[in-house]
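See structure below.
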Amino acid sequence: MGAQVVPLDDAEIEDRLLDLPGWTLDEDRLNRSYRFDRHFQAAAMVIHIAQIQEELGHHAELTLGYNQLTVAVNTHSAGGRITHLDFCLARRIEEIAAGHGGL
């Protein structure tokens with residue numbers, strides 16, 4: 001990353017959330033849960049997200065259930081606050097979700 005990452009203020013976060021239906025703010029984390037018809041779809045999406053995370057150098061907490069995947073993300077280097085990096089990752093995850101059958 002190199003450069004210091006600056007936390008977004010509440011108004012910026014709320015504004016950016018308007019472009020990410022299904023994503024919410026919960027205790028300084030962006031959150032989203034996806035449901036799937038089958039477990040394999042959810043597991044495959046985890047692998048795809050891992051690939052995106054490595055590419056971006058930014059990682060979320062992923063919780064895999066039988067037919068559900070929950071994503072929670074914030075920026076540790078910004079004191080656990082939300083930054084533009086979190087929205088970038090959330091957008092990328094949202095772009096692949098439908099292809100995996102995530103609702």
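Within each chain, counting starts at residue 1; across the structure tokens, chains are named A, B, ... in the order shown, with ligands numbered 1 upward in that order.
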
message = Which residues are close to Gly57 of chain A, i.e. within 10 Å by only C-alpha atoms, leaving aside same-chain residues fewer than 4 positions away? Reply as a list in words.
response = Met1, Gln51, Ile52, Gln53, Leu85 and Leu89 of chain A

message = Report as a PyMOL selection string all protein, DNA and RNA residues lying within 10 Å of His76 of chain A, evaluated on only C-alpha atoms, omitting residues in the same chain fewer than 5 positions from it.
response = chain A and resi 5+58-59+81-83

Next, the residues of the selection above should be written as a CSV table (one decimal), in the first residue's frame with N, CA, C and O atoms.
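Here's the written file selection.csv:
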chain,number,residue,atom,x,y,z
A,5,VAL,N,-3.6,5.5,4.6
A,5,VAL,CA,-5.1,5.4,4.2
A,5,VAL,C,-5.9,6.2,5.2
A,5,VAL,O,-5.8,6.0,6.4
A,58,HIS,N,-5.9,-6.2,0.1
A,58,HIS,CA,-6.8,-5.8,1.1
A,58,HIS,C,-7.8,-7.0,1.3
A,58,HIS,O,-8.2,-7.6,0.4
A,59,HIS,N,-8.0,-7.3,2.6
A,59,HIS,CA,-8.7,-8.5,2.9
A,59,HIS,C,-9.9,-8.3,3.8
A,59,HIS,O,-9.9,-7.4,4.7
A,81,ARG,N,-11.1,1.4,10.9
A,81,ARG,CA,-12.1,2.3,10.3
A,81,ARG,C,-12.4,1.9,8.9
A,81,ARG,O,-11.7,1.1,8.3
A,82,ILE,N,-13.4,2.6,8.3
A,82,ILE,CA,-13.7,2.3,6.9
A,82,ILE,C,-13.0,3.3,6.0
A,82,ILE,O,-13.1,4.5,6.3
A,83,THR,N,-12.4,2.8,4.9
A,83,THR,CA,-11.7,3.7,4.0
A,83,THR,C,-12.2,3.4,2.5
A,83,THR,O,-13.0,2.4,2.3

message = Need the shell around segment 19-21 of chain A: protein/DNA/RNA residues with any atom at most 12 Å away, counting only C-alpha atoms. Skip same-chain ones fewer than 6 positions apart. Format as number ranges by chain?
response = A: 12-13, 30-34, 86-95, 103

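With only C-alpha atoms as the atoms that count, the minimum distance from Tyr66 of chain A to the choices A:Leu18, A:Arg38, A:Asp9, A:Ile49 is reached by A:Arg38.
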
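Proximity of A:His84, A:Val71, A:Met45, A:Leu56 to Ala98 of chain A, computed with only C-alpha atoms, is greatest for A:Met45.
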
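Those residues of segment 21-67 of chain A that DSSP, working from the backbone, places in helix (DSSP H, G or I) are His39, Phe40, Gln41, Ala42, Ala43, Ala44, Met45, Val46, Ile47, His48, Ile49, Ala50, Gln51, Ile52, Gln53, Glu54, Glu55 and Leu56 of chain A.
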
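Summary of the local environment: counting only C-alpha atoms, residues at most 6 Å from Arg29 of chain A, other than itself and those fewer than 5 positions away along its chain, are Ala72, Val73 and Asn74 of chain A.
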
key: Distance criterion (only C-alpha atoms): nearest to Ile47 of chain A out of A:Ile96, A:Asn67, A:Ala11, A:Ser77   = A:Ile96

query = So which residues touch Ala42 of chain A within 8 Å, counting only C-alpha atoms, skipping near sequence neighbours fewer than 4 positions away, as an MDAnalysis selection string?
reply = chainID A and resid 35:36 38 46 64:69 100 102

Residue subset to file, keeping N, CA, C and O atoms, as a PDB file, in the first residue's frame:
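The file below, result17.pdb, is the result:
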ATOM      1  N   ARG A  35     -26.820 -15.344   0.013  1.00  0.00           N
ATOM      2  CA  ARG A  35     -27.412 -16.673   0.112  1.00  0.00           C
ATOM      3  C   ARG A  35     -27.245 -17.368  -1.232  1.00  0.00           C
ATOM      4  O   ARG A  35     -27.283 -16.732  -2.280  1.00  0.00           O
ATOM      5  N   PHE A  36     -27.109 -18.698  -1.158  1.00  0.00           N
ATOM      6  CA  PHE A  36     -26.877 -19.515  -2.341  1.00  0.00           C
ATOM      7  C   PHE A  36     -27.802 -20.727  -2.305  1.00  0.00           C
ATOM      8  O   PHE A  36     -28.274 -21.129  -1.243  1.00  0.00           O
ATOM      9  N   ARG A  38     -26.719 -23.722  -3.125  1.00  0.00           N
ATOM     10  CA  ARG A  38     -25.920 -24.854  -2.667  1.00  0.00           C
ATOM     11  C   ARG A  38     -24.608 -24.382  -2.040  1.00  0.00           C
ATOM     12  O   ARG A  38     -24.106 -23.312  -2.345  1.00  0.00           O
ATOM     13  N   VAL A  46     -15.957 -17.835  -2.201  1.00  0.00           N
ATOM     14  CA  VAL A  46     -14.872 -17.561  -1.255  1.00  0.00           C
ATOM     15  C   VAL A  46     -13.526 -17.575  -1.984  1.00  0.00           C
ATOM     16  O   VAL A  46     -12.699 -16.678  -1.788  1.00  0.00           O
ATOM     17  N   LEU A  64     -18.171 -18.567   6.102  1.00  0.00           N
ATOM     18  CA  LEU A  64     -18.848 -19.484   5.190  1.00  0.00           C
ATOM     19  C   LEU A  64     -19.741 -20.428   5.969  1.00  0.00           C
ATOM     20  O   LEU A  64     -19.284 -21.106   6.897  1.00  0.00           O
ATOM     21  N   GLY A  65     -21.011 -20.432   5.603  1.00  0.00           N
ATOM     22  CA  GLY A  65     -21.967 -21.387   6.162  1.00  0.00           C
ATOM     23  C   GLY A  65     -22.378 -22.350   5.064  1.00  0.00           C
ATOM     24  O   GLY A  65     -21.780 -22.381   3.992  1.00  0.00           O
ATOM     25  N   TYR A  66     -23.413 -23.141   5.315  1.00  0.00           N
ATOM     26  CA  TYR A  66     -23.835 -24.124   4.312  1.00  0.00           C
ATOM     27  C   TYR A  66     -24.196 -23.460   2.988  1.00  0.00           C
ATOM     28  O   TYR A  66     -23.658 -23.800   1.950  1.00  0.00           O
ATOM     29  N   ASN A  67     -25.109 -22.528   3.029  1.00  0.00           N
ATOM     30  CA  ASN A  67     -25.521 -21.852   1.794  1.00  0.00           C
ATOM     31  C   ASN A  67     -25.501 -20.342   1.970  1.00  0.00           C
ATOM     32  O   ASN A  67     -26.275 -19.617   1.360  1.00  0.00           O
ATOM     33  N   GLN A  68     -24.602 -19.878   2.829  1.00  0.00           N
ATOM     34  CA  GLN A  68     -24.507 -18.442   3.096  1.00  0.00           C
ATOM     35  C   GLN A  68     -23.047 -18.048   3.251  1.00  0.00           C
ATOM     36  O   GLN A  68     -22.233 -18.801   3.772  1.00  0.00           O
ATOM     37  N   LEU A  69     -22.737 -16.854   2.774  1.00  0.00           N
ATOM     38  CA  LEU A  69     -21.414 -16.279   2.939  1.00  0.00           C
ATOM     39  C   LEU A  69     -21.601 -14.867   3.473  1.00  0.00           C
ATOM     40  O   LEU A  69     -22.350 -14.078   2.899  1.00  0.00           O
ATOM     41  N   HIS A 100     -21.945 -16.236  -9.203  1.00  0.00           N
ATOM     42  CA  HIS A 100     -21.839 -17.398  -8.324  1.00  0.00           C
ATOM     43  C   HIS A 100     -23.208 -17.809  -7.779  1.00  0.00           C
ATOM     44  O   HIS A 100     -23.300 -18.753  -7.002  1.00  0.00           O
ATOM     45  N   GLY A 102     -25.090 -15.773  -5.912  1.00  0.00           N
ATOM     46  CA  GLY A 102     -25.315 -15.126  -4.622  1.00  0.00           C
ATOM     47  C   GLY A 102     -26.398 -14.089  -4.681  1.00  0.00           C
ATOM     48  O   GLY A 102     -26.423 -13.254  -5.574  1.00  0.00           O
TER      49      GLY A 102
END

remark   = Here atom CA of Glu14 of chain A and atom CA of Glu61 of chain A stand apart by 21.0 Å
